[in-house]
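Shown below: target.csv, with CSV, C-alpha atoms.
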chain,number,residue,atom,x,y,z
A,243,MET,CA,24.8,-1.3,-37.8
A,244,ALA,CA,26.2,1.8,-39.6
A,245,SER,CA,29.3,1.3,-41.7
A,246,ALA,CA,31.3,3.6,-39.4
A,247,THR,CA,30.5,1.4,-36.5
A,248,LYS,CA,31.6,-1.7,-38.4
A,249,GLN,CA,34.8,0.0,-39.3
A,250,ARG,CA,35.4,0.9,-35.6
A,251,ASN,CA,35.1,-2.8,-34.7
A,252,ALA,CA,37.6,-3.9,-37.3
A,253,THR,CA,40.5,-5.9,-35.9
A,254,PRO,CA,43.3,-6.3,-38.5
A,255,SER,CA,46.3,-8.3,-37.3
A,256,ASP,CA,48.6,-5.3,-37.2
A,257,GLY,CA,46.3,-3.3,-34.8
A,258,SER,CA,43.8,-1.0,-36.3
A,259,GLY,CA,43.6,1.5,-39.1
A,260,GLY,CA,47.3,0.9,-40.1
A,261,TRP,CA,48.5,1.4,-36.5
A,262,GLU,CA,51.1,-0.9,-35.2
A,263,LEU,CA,50.3,-3.4,-32.5
A,264,SER,CA,53.7,-4.8,-31.6
A,265,ARG,CA,55.8,-6.3,-28.8
A,266,ALA,CA,58.6,-4.4,-27.2
A,267,GLY,CA,60.3,-5.0,-23.9
A,268,GLY,CA,58.1,-8.0,-23.3
A,269,LEU,CA,54.9,-5.8,-23.6
A,270,GLU,CA,52.3,-5.3,-26.3
A,271,LEU,CA,52.0,-1.7,-27.4
A,272,LEU,CA,50.1,0.4,-30.0
A,273,LYS,CA,51.8,3.1,-32.0
A,274,ALA,CA,50.4,5.7,-34.4
A,275,PRO,CA,52.3,5.6,-37.8
A,276,SER,CA,52.0,9.4,-38.1
A,277,LEU,CA,53.9,9.9,-34.8
A,278,ALA,CA,56.3,7.0,-35.3
A,279,ARG,CA,57.7,8.7,-38.4
A,280,LEU,CA,58.9,11.7,-36.2
A,281,ASP,CA,62.3,10.5,-35.0
A,282,TRP,CA,62.6,13.4,-32.6
A,283,LEU,CA,59.8,12.2,-30.3
A,284,THR,CA,58.8,9.0,-28.5
A,285,HIS,CA,55.2,7.9,-28.0
A,286,GLY,CA,53.1,4.8,-27.3
A,287,PHE,CA,49.6,3.6,-26.2
A,288,SER,CA,49.7,0.8,-23.7
A,289,THR,CA,47.5,-2.3,-23.7
A,290,ARG,CA,46.4,-4.5,-20.8
A,291,ARG,CA,48.6,-7.4,-21.7
A,292,ARG,CA,51.8,-8.9,-20.1
A,293,GLY,CA,52.1,-6.8,-17.0
A,294,LEU,CA,53.1,-7.6,-13.4
A,295,SER,CA,49.7,-6.9,-11.8
A,296,GLU,CA,47.0,-9.6,-11.4
A,297,LEU,CA,43.3,-9.1,-12.1
A,298,ASN,CA,40.8,-11.9,-12.2
A,299,GLY,CA,43.6,-14.5,-12.2
A,300,LYS,CA,45.4,-12.9,-15.2
A,301,HIS,CA,48.6,-10.8,-15.4
A,302,VAL,CA,47.8,-7.3,-16.7
A,303,LEU,CA,49.7,-4.1,-17.3
A,304,ASN,CA,47.9,-1.8,-14.9
A,305,LEU,CA,49.4,1.7,-15.0
A,306,GLY,CA,47.0,3.4,-12.6
A,307,PHE,CA,46.9,3.5,-8.8
A,308,THR,CA,43.7,1.5,-8.3
A,309,PRO,CA,42.4,0.1,-5.0
A,310,TRP,CA,42.9,-3.6,-6.1
A,311,ASP,CA,46.6,-3.2,-7.1
A,312,SER,CA,49.7,-2.4,-5.2
A,313,ARG,CA,51.7,0.8,-5.7
A,314,ALA,CA,54.9,-1.2,-6.2
A,315,ARG,CA,53.5,-3.2,-9.0
A,316,VAL,CA,52.1,-0.1,-10.8
A,317,VAL,CA,55.4,1.7,-10.5
A,318,ALA,CA,57.2,-1.4,-11.9
A,319,ASN,CA,54.7,-1.6,-14.7
A,320,ARG,CA,55.1,2.1,-15.6
A,321,LYS,CA,58.9,1.7,-15.7
A,322,ARG,CA,58.5,-1.3,-18.1
A,323,PHE,CA,56.1,0.7,-20.3
A,324,PHE,CA,58.3,3.7,-20.5
A,325,GLN,CA,61.3,1.7,-21.5
A,326,ALA,CA,59.3,-0.3,-24.0
A,327,ILE,CA,58.3,2.9,-25.9
A,328,GLY,CA,61.9,4.1,-26.0
A,329,ALA,CA,61.6,6.7,-23.3
A,330,GLY,CA,64.2,5.0,-21.1
A,331,ASN,CA,64.4,6.8,-17.7
A,332,MET,CA,62.9,10.1,-18.9
A,333,PRO,CA,61.1,11.8,-16.1
A,334,PHE,CA,57.3,11.9,-16.7
A,335,VAL,CA,54.4,14.1,-15.7
A,336,ALA,CA,51.0,12.7,-15.2
A,337,LEU,CA,47.7,14.3,-14.1
A,338,SER,CA,45.1,14.2,-11.4
A,339,GLN,CA,42.4,13.9,-14.1
A,340,ILE,CA,39.1,15.5,-13.3
A,341,HIS,CA,37.2,15.4,-16.7
A,342,SER,CA,37.8,19.1,-17.4
A,343,ASP,CA,39.1,21.4,-20.1
A,344,ILE,CA,42.2,22.4,-18.1
A,345,ALA,CA,45.6,22.2,-19.9
A,346,HIS,CA,49.0,22.6,-18.2
A,347,SER,CA,52.2,23.9,-19.8
A,348,ILE,CA,55.1,21.7,-18.5
A,349,ASP,CA,58.8,22.5,-18.1
A,350,LYS,CA,61.5,21.2,-15.9
A,351,SER,CA,60.4,23.2,-12.9
A,352,GLN,CA,57.2,21.1,-12.7
A,353,LEU,CA,59.3,18.0,-12.2
A,354,ARG,CA,60.1,19.0,-8.7
A,355,ALA,CA,56.4,19.1,-7.7
A,356,ASN,CA,55.3,16.4,-5.3
A,357,THR,CA,51.7,16.4,-6.5
A,358,ALA,CA,50.2,15.8,-9.9
A,359,PRO,CA,48.5,18.9,-11.4
A,360,GLN,CA,44.7,18.7,-11.7
A,361,GLY,CA,43.4,18.8,-15.2
A,362,ASP,CA,43.2,16.8,-18.4
A,363,ALA,CA,45.9,18.0,-20.8
A,364,LEU,CA,49.6,18.5,-20.7
A,365,PHE,CA,51.8,20.2,-23.3
A,366,THR,CA,55.5,21.1,-23.6
A,367,ARG,CA,58.5,22.1,-25.7
A,368,GLU,CA,60.9,20.8,-23.2
A,369,PRO,CA,63.1,17.9,-24.4
A,370,GLY,CA,63.5,14.9,-22.1
A,371,ILE,CA,60.1,15.1,-20.4
A,372,LEU,CA,57.4,12.5,-21.0
A,373,LEU,CA,53.7,13.5,-20.8
A,374,ALA,CA,51.2,10.8,-19.9
A,375,VAL,CA,47.4,10.5,-19.6
A,376,GLN,CA,45.4,7.5,-18.2
A,377,THR,CA,42.3,6.0,-19.8
A,378,ALA,CA,40.0,3.0,-19.6
A,379,ASP,CA,37.4,4.1,-22.2
A,380,CYS,CA,37.9,7.8,-22.7
A,381,VAL,CA,39.8,9.1,-25.7
A,382,PRO,CA,43.6,9.6,-25.3
A,383,ILE,CA,44.9,12.2,-27.7
A,384,LEU,CA,48.6,12.7,-28.5
A,385,LEU,CA,49.6,15.5,-30.8
A,386,ALA,CA,52.8,17.0,-32.1
A,387,ASP,CA,53.6,20.4,-33.6
A,388,THR,CA,56.1,19.3,-36.3
A,389,GLN,CA,57.5,22.8,-36.9
A,390,ARG,CA,58.0,24.1,-33.3
A,391,ARG,CA,58.6,20.6,-31.9
A,392,ALA,CA,56.0,20.8,-29.2
A,393,VAL,CA,53.9,17.9,-28.0
A,394,ALA,CA,50.7,17.4,-25.9
A,395,ALA,CA,48.8,14.5,-24.2
A,396,ILE,CA,45.1,14.9,-23.7
A,397,HIS,CA,42.4,12.9,-21.8
A,398,SER,CA,39.0,13.5,-23.4
A,399,GLY,CA,35.9,11.8,-22.0
A,400,TRP,CA,32.4,13.1,-22.8
A,401,ARG,CA,32.8,16.0,-20.4
A,402,GLY,CA,36.2,17.0,-21.8
A,403,THR,CA,34.9,16.6,-25.3
A,404,LEU,CA,31.9,18.8,-24.5
A,405,GLY,CA,34.3,21.3,-23.1
A,406,ARG,CA,36.5,21.1,-26.2
A,407,VAL,CA,39.7,20.2,-24.3
A,408,ALA,CA,41.6,19.4,-27.4
A,409,LEU,CA,40.8,22.8,-29.0
A,410,LYS,CA,41.7,24.7,-25.8
A,411,THR,CA,45.0,22.8,-25.6
A,412,LEU,CA,45.8,23.9,-29.1
A,413,GLY,CA,44.9,27.4,-28.2
A,414,ARG,CA,47.3,27.4,-25.2
A,415,MET,CA,50.1,26.0,-27.4
A,416,ARG,CA,49.4,28.7,-30.0
A,417,MET,CA,49.7,31.4,-27.2
A,418,GLU,CA,52.9,30.0,-25.7
A,419,PHE,CA,54.7,28.4,-28.6
A,420,GLY,CA,53.2,29.9,-31.7
A,421,THR,CA,51.7,26.6,-32.7
A,422,ARG,CA,49.7,26.6,-36.0
A,423,PRO,CA,47.0,24.0,-36.4
A,424,GLU,CA,48.2,23.3,-39.9
A,425,ASP,CA,51.5,22.1,-38.5
A,426,VAL,CA,49.9,19.6,-36.0
A,427,THR,CA,49.8,15.9,-36.3
A,428,VAL,CA,47.2,14.1,-34.1
A,429,ALA,CA,46.7,10.5,-33.0
A,430,LEU,CA,43.4,9.5,-31.3
A,431,GLY,CA,44.1,6.3,-29.3
A,432,PRO,CA,41.9,3.3,-28.4
A,433,SER,CA,38.7,4.3,-26.7
A,434,ILE,CA,35.1,3.1,-26.3
A,435,GLY,CA,33.4,3.1,-29.7
A,436,ARG,CA,30.0,4.3,-30.9
A,437,CYS,CA,29.1,0.7,-30.9
A,438,CYS,CA,29.3,0.4,-27.1
A,439,TYR,CA,29.2,3.9,-25.6
A,440,GLU,CA,25.6,4.4,-24.4
A,441,VAL,CA,24.7,7.7,-22.8
A,442,GLY,CA,21.5,9.2,-21.4
A,443,PRO,CA,19.4,12.1,-22.8
A,444,ASP,CA,21.0,14.6,-20.6
A,445,VAL,CA,24.4,14.1,-22.2
A,446,ALA,CA,22.9,14.1,-25.7
A,447,ARG,CA,21.1,17.3,-25.1
A,448,GLN,CA,24.2,19.0,-23.8
A,449,PHE,CA,26.0,18.1,-27.0
A,450,HIS,CA,23.2,19.2,-29.2
A,451,ALA,CA,23.2,22.6,-27.4
A,452,GLN,CA,26.9,23.0,-28.0
A,453,PHE,CA,27.6,21.6,-31.4
A,454,ALA,CA,25.7,22.1,-34.7
A,455,ARG,CA,26.9,18.8,-36.0
A,456,ALA,CA,26.1,16.8,-32.9
A,457,SER,CA,23.4,14.7,-34.6
A,458,GLU,CA,26.2,13.1,-36.7
A,459,TRP,CA,27.8,11.7,-33.6
A,460,PHE,CA,24.7,9.9,-32.1
A,461,ASP,CA,22.6,6.9,-32.8
A,462,GLY,CA,19.1,7.0,-31.2
A,463,PRO,CA,15.4,7.4,-31.9
A,464,PHE,CA,15.0,10.9,-30.5
A,465,PRO,CA,13.3,13.4,-32.9
A,466,ALA,CA,13.4,16.1,-30.3
A,467,LEU,CA,17.1,16.1,-29.8
A,468,ALA,CA,17.9,19.0,-32.1
A,469,SER,CA,14.8,21.1,-31.3
A,470,GLY,CA,14.9,20.6,-27.6
A,471,GLU,CA,11.2,20.2,-27.4
A,472,ASN,CA,9.6,18.2,-24.6
A,473,ASP,CA,9.2,14.9,-26.4
A,474,PRO,CA,7.2,12.5,-24.1
A,475,ASN,CA,9.7,9.8,-24.9
A,476,TRP,CA,12.3,11.8,-22.9
A,477,LEU,CA,10.0,12.1,-19.9
A,478,PRO,CA,9.2,8.5,-18.8
A,479,TRP,CA,8.5,9.7,-15.2
A,480,LEU,CA,5.3,11.2,-16.6
A,481,THR,CA,3.8,7.8,-17.5
A,482,MET,CA,2.2,7.5,-14.0
A,483,ARG,CA,3.8,4.1,-13.4
A,484,PRO,CA,4.1,2.9,-9.8
A,485,PRO,CA,7.5,3.6,-8.0
A,486,GLY,CA,10.1,1.1,-9.1
A,487,HIS,CA,8.3,0.4,-12.4
A,488,ALA,CA,9.2,3.5,-14.3
A,489,LEU,CA,10.4,3.1,-17.9
A,490,ARG,CA,14.2,3.2,-18.4
A,491,SER,CA,15.3,6.6,-19.6
A,492,PRO,CA,15.9,6.5,-23.4
A,493,ARG,CA,19.6,6.0,-24.4
A,494,VAL,CA,21.7,7.0,-27.4
A,495,ASN,CA,25.2,5.9,-28.5
A,496,LEU,CA,27.9,8.6,-28.7
A,497,ASP,CA,30.9,8.5,-31.0
A,498,LEU,CA,33.7,10.3,-29.0
A,499,ILE,CA,36.2,9.8,-31.8
A,500,ALA,CA,34.0,11.5,-34.4
A,501,ALA,CA,33.3,14.3,-32.0
A,502,ASN,CA,37.0,15.0,-31.2
A,503,ARG,CA,37.9,14.6,-34.9
A,504,ALA,CA,35.3,17.3,-35.8
A,505,ILE,CA,36.6,19.6,-33.0
A,506,LEU,CA,40.2,19.3,-34.3
A,507,LEU,CA,39.1,19.9,-37.9
A,508,ASP,CA,37.2,23.0,-36.8
A,509,ALA,CA,40.3,24.1,-35.1
A,510,GLY,CA,42.2,24.0,-38.4
A,511,VAL,CA,44.0,20.7,-38.2
A,512,PRO,CA,44.1,19.1,-41.7
A,513,ALA,CA,42.0,15.9,-42.0
A,514,HIS,CA,45.0,13.9,-43.4
A,515,GLN,CA,47.0,14.8,-40.2
A,516,ILE,CA,44.4,13.3,-37.9
A,517,SER,CA,44.5,9.5,-37.4
A,518,ALA,CA,42.5,7.3,-35.0
A,519,SER,CA,42.7,3.7,-33.8
A,520,GLU,CA,39.7,1.7,-34.9
A,521,LEU,CA,39.8,-0.6,-31.8
A,522,CYS,CA,37.0,-0.2,-29.3
A,523,THR,CA,38.1,-0.7,-25.7
A,524,ALA,CA,34.8,-2.3,-24.7
A,525,CYS,CA,34.7,-4.7,-27.7
A,526,ARG,CA,38.3,-5.6,-27.3
A,527,ASN,CA,38.5,-6.2,-23.6
A,528,ASP,CA,41.1,-8.9,-24.3
A,529,ILE,CA,43.5,-6.1,-25.3
A,530,PHE,CA,42.4,-3.0,-23.4
A,531,PHE,CA,40.9,-2.1,-20.0
A,532,SER,CA,37.3,-0.9,-20.2
A,533,ASN,CA,35.6,0.7,-17.2
A,534,ARG,CA,32.2,0.6,-18.9
A,535,ARG,CA,32.5,-3.1,-19.4
A,536,GLU,CA,34.3,-4.2,-16.2
A,537,ARG,CA,33.7,-1.4,-13.7
A,538,SER,CA,36.6,-2.6,-11.5
A,539,THR,CA,39.5,-2.5,-13.8
A,540,GLY,CA,43.0,-1.1,-14.5
A,541,ARG,CA,44.2,1.9,-16.4
A,542,MET,CA,46.2,2.3,-19.6
A,543,MET,CA,48.6,5.1,-20.4
A,544,SER,CA,49.2,7.1,-23.5
A,545,ALA,CA,52.5,8.9,-23.4
A,546,ILE,CA,54.5,11.3,-25.7
A,547,GLY,CA,57.7,13.2,-25.2
A,548,LEU,CA,60.6,15.0,-27.0
A,549,ARG,CA,63.8,12.9,-27.1
What's the structure tokens form of this structure?
Amino acid sequence: MASATKQRNATPSDGSGGWELSRAGGLELLKAPSLARLDWLTHGFSTRRRGLSELNGKHVLNLGFTPWDSRARVVANRKRFFQAIGAGNMPFVALSQIHSDIAHSIDKSQLRANTAPQGDALFTREPGILLAVQTADCVPILLADTQRRAVAAIHSGWRGTLGRVALKTLGRMRMEFGTRPEDVTVALGPSIGRCCYEVGPDVARQFHAQFARASEWFDGPFPALASGENDPNWLPWLTMRPPGHALRSPRVNLDLIAANRAILLDAGVPAHQISASELCTACRNDIFFSNRRERSTGRMMSAIGLR
């Protein structure tokens, strides 16, 4: 296994990569040191532990409206989570997430809406509003413009990463607030790691078509990835095997954290201002929900707001 993968699976007692895994309000939370130092904002990444919901005989902190859980328990869990991260009773805005590159600018007028906006990123300069995204393997990205005091919450799965949702959110913030990438601090929260995130050749080819550095983000024995040639290993249906006996399509492992970090670096965010949790949601299913590992599971929240 590559050294980067080993580092991704590291599990220091204080969380990962210097991040703080701590208890507050009876819950276990993860915070990014780079954001925790900014006393004008509040933020936090939830875990699955110590909630009011029940999944497979265990109490969990489910923060998403899932078929197996009651709305009342989810609402109560959310209230506990927001209080635990220091947001108190701040109104919050969440998304109807659609694995897109759509980012929404939020102000107090949006708080009166009865429906969540469709998209995968939120940003604001409005104090007293909490922005939240839900994940169960995808990458949650929280960022702060330290000069103009603006914040954003981004949900980036493979489709959002392919669509450069983080870059486009920064672009919108630059247009509306004058945000400069060199003033931005970014935290990439817990997500499925390169060690566990297996994808098919169609996904790999799309990344190789869009990113010159894509080969750095994949593990897999596919020499035709970069060239796009018709390698027979990519076409198992041509082996003339009987129906039901075709070879499984070749798979590769994708590093979503590395991909999003590269996108942010290319956007102009300094490397030392980008931090990432090293905990894999699939490996550490005792701490986090993982849709890839469990299928039927809960949802975590990553939230940020201006005090």
Determine, counting all atoms listed in the file, which protein, DNA and RNA residues have an atom within 12 Å of an atom of Pro359 of chain A; residues of the same chain fewer than 4 positions away are not included. Present the result as a list in words.
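Skipping anything fewer than 4 positions along the chain leaves Val335, Ala336, Leu337, Ser338, Gln339, Ile340, Ile344, Ala345, His346, Ser347, Ile348, Gln352, Leu353, Arg354, Ala355, Ala363, Leu364 and Val375 of chain A.
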For Thr523 of chain A: contacts at 8 Å, all atoms listed in the file, fewer than 6 positions along chain excluded, given as an NGL selection string
:A and (378-379 or 432-435 or 529-532)
C-alpha atoms of the current selection, written as an mmCIF file, in the coordinates of the input:
data_model
loop_
_atom_site.group_PDB
_atom_site.id
_atom_site.type_symbol
_atom_site.label_atom_id
_atom_site.label_comp_id
_atom_site.auth_asym_id
_atom_site.auth_seq_id
_atom_site.Cartn_x
_atom_site.Cartn_y
_atom_site.Cartn_z
ATOM 1 C CA ALA A 378 40.000 3.000 -19.600
ATOM 2 C CA ASP A 379 37.400 4.100 -22.200
ATOM 3 C CA PRO A 432 41.900 3.300 -28.400
ATOM 4 C CA SER A 433 38.700 4.300 -26.700
ATOM 5 C CA ILE A 434 35.100 3.100 -26.300
ATOM 6 C CA GLY A 435 33.400 3.100 -29.700
ATOM 7 C CA ILE A 529 43.500 -6.100 -25.300
ATOM 8 C CA PHE A 530 42.400 -3.000 -23.400
ATOM 9 C CA PHE A 531 40.900 -2.100 -20.000
ATOM 10 C CA SER A 532 37.300 -0.900 -20.200
#
Would you mind reading off the distance between atom CA of Arg534 of chain A and atom CA of Ala374 of chain A, one decimal, in Å?
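Separation of atom CA of Arg534 of chain A and atom CA of Ala374 of chain A: 21.6 Å.
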Counting only C-alpha atoms, I want the residues whose atoms come within 12 Å of (54.1, 30.4, -26.4) in the file frame, returned as an MDAnalysis selection string.
chainID A and resid 347:348 365:367 390 392 411:422
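Each of A:Ala524, A:Ala504, A:Leu283, A:Ala518 was checked against Ala386 of chain A using all atoms listed in the file; the smallest atom-to-atom distance is that of A:Leu283.
Distances here use all atoms listed in the file; by that measure, the residue among A:Met542, A:Ala314, A:Leu303, A:Leu272 closest to Ile327 of chain A is A:Leu272.
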Can you spit out segment 405-423 of chain A with N, CA and C atoms, as an mmCIF file, in the first residue's frame, from the structure just given?
data_model
loop_
_atom_site.group_PDB
_atom_site.id
_atom_site.type_symbol
_atom_site.label_atom_id
_atom_site.label_comp_id
_atom_site.auth_asym_id
_atom_site.auth_seq_id
_atom_site.Cartn_x
_atom_site.Cartn_y
_atom_site.Cartn_z
ATOM 1 N N GLY A 405 -16.657 18.175 -11.554
ATOM 2 C CA GLY A 405 -17.184 19.473 -11.983
ATOM 3 C C GLY A 405 -16.507 20.659 -11.324
ATOM 4 N N ARG A 406 -15.490 20.400 -10.480
ATOM 5 C CA ARG A 406 -14.726 21.457 -9.796
ATOM 6 C C ARG A 406 -15.628 22.361 -8.978
ATOM 7 N N VAL A 407 -16.493 21.765 -8.154
ATOM 8 C CA VAL A 407 -17.434 22.556 -7.376
ATOM 9 C C VAL A 407 -16.721 23.499 -6.413
ATOM 10 N N ALA A 408 -15.581 23.084 -5.843
ATOM 11 C CA ALA A 408 -14.850 23.965 -4.926
ATOM 12 C C ALA A 408 -14.308 25.189 -5.657
ATOM 13 N N LEU A 409 -13.753 24.985 -6.847
ATOM 14 C CA LEU A 409 -13.234 26.089 -7.654
ATOM 15 C C LEU A 409 -14.352 27.054 -8.023
ATOM 16 N N LYS A 410 -15.496 26.525 -8.414
ATOM 17 C CA LYS A 410 -16.607 27.372 -8.839
ATOM 18 C C LYS A 410 -17.203 28.144 -7.670
ATOM 19 N N THR A 411 -17.173 27.543 -6.481
ATOM 20 C CA THR A 411 -17.634 28.263 -5.294
ATOM 21 C C THR A 411 -16.702 29.433 -4.996
ATOM 22 N N LEU A 412 -15.401 29.196 -5.066
ATOM 23 C CA LEU A 412 -14.444 30.289 -4.885
ATOM 24 C C LEU A 412 -14.647 31.383 -5.928
ATOM 25 N N GLY A 413 -14.946 30.987 -7.157
ATOM 26 C CA GLY A 413 -15.199 31.964 -8.207
ATOM 27 C C GLY A 413 -16.405 32.841 -7.910
ATOM 28 N N ARG A 414 -17.469 32.215 -7.413
ATOM 29 C CA ARG A 414 -18.658 32.980 -7.042
ATOM 30 C C ARG A 414 -18.355 33.934 -5.890
ATOM 31 N N MET A 415 -17.570 33.477 -4.924
ATOM 32 C CA MET A 415 -17.215 34.328 -3.783
ATOM 33 C C MET A 415 -16.350 35.503 -4.245
ATOM 34 N N ARG A 416 -15.509 35.271 -5.216
ATOM 35 C CA ARG A 416 -14.689 36.361 -5.751
ATOM 36 C C ARG A 416 -15.560 37.388 -6.458
ATOM 37 N N MET A 417 -16.543 36.922 -7.218
ATOM 38 C CA MET A 417 -17.438 37.821 -7.934
ATOM 39 C C MET A 417 -18.275 38.657 -6.980
ATOM 40 N N GLU A 418 -18.802 38.020 -5.922
ATOM 41 C CA GLU A 418 -19.758 38.708 -5.047
ATOM 42 C C GLU A 418 -19.106 39.438 -3.883
ATOM 43 N N PHE A 419 -17.996 38.895 -3.359
ATOM 44 C CA PHE A 419 -17.393 39.467 -2.160
ATOM 45 C C PHE A 419 -15.984 40.022 -2.393
ATOM 46 N N GLY A 420 -15.385 39.718 -3.538
ATOM 47 C CA GLY A 420 -13.994 40.096 -3.747
ATOM 48 C C GLY A 420 -13.006 39.146 -3.103
ATOM 49 N N THR A 421 -13.429 37.940 -2.786
ATOM 50 C CA THR A 421 -12.558 36.947 -2.152
ATOM 51 C C THR A 421 -11.340 36.649 -3.027
ATOM 52 N N ARG A 422 -10.161 36.627 -2.388
ATOM 53 C CA ARG A 422 -8.925 36.244 -3.065
ATOM 54 C C ARG A 422 -8.483 34.876 -2.550
ATOM 55 N N PRO A 423 -8.112 33.963 -3.426
ATOM 56 C CA PRO A 423 -7.719 32.614 -2.985
ATOM 57 C C PRO A 423 -6.619 32.620 -1.926
#
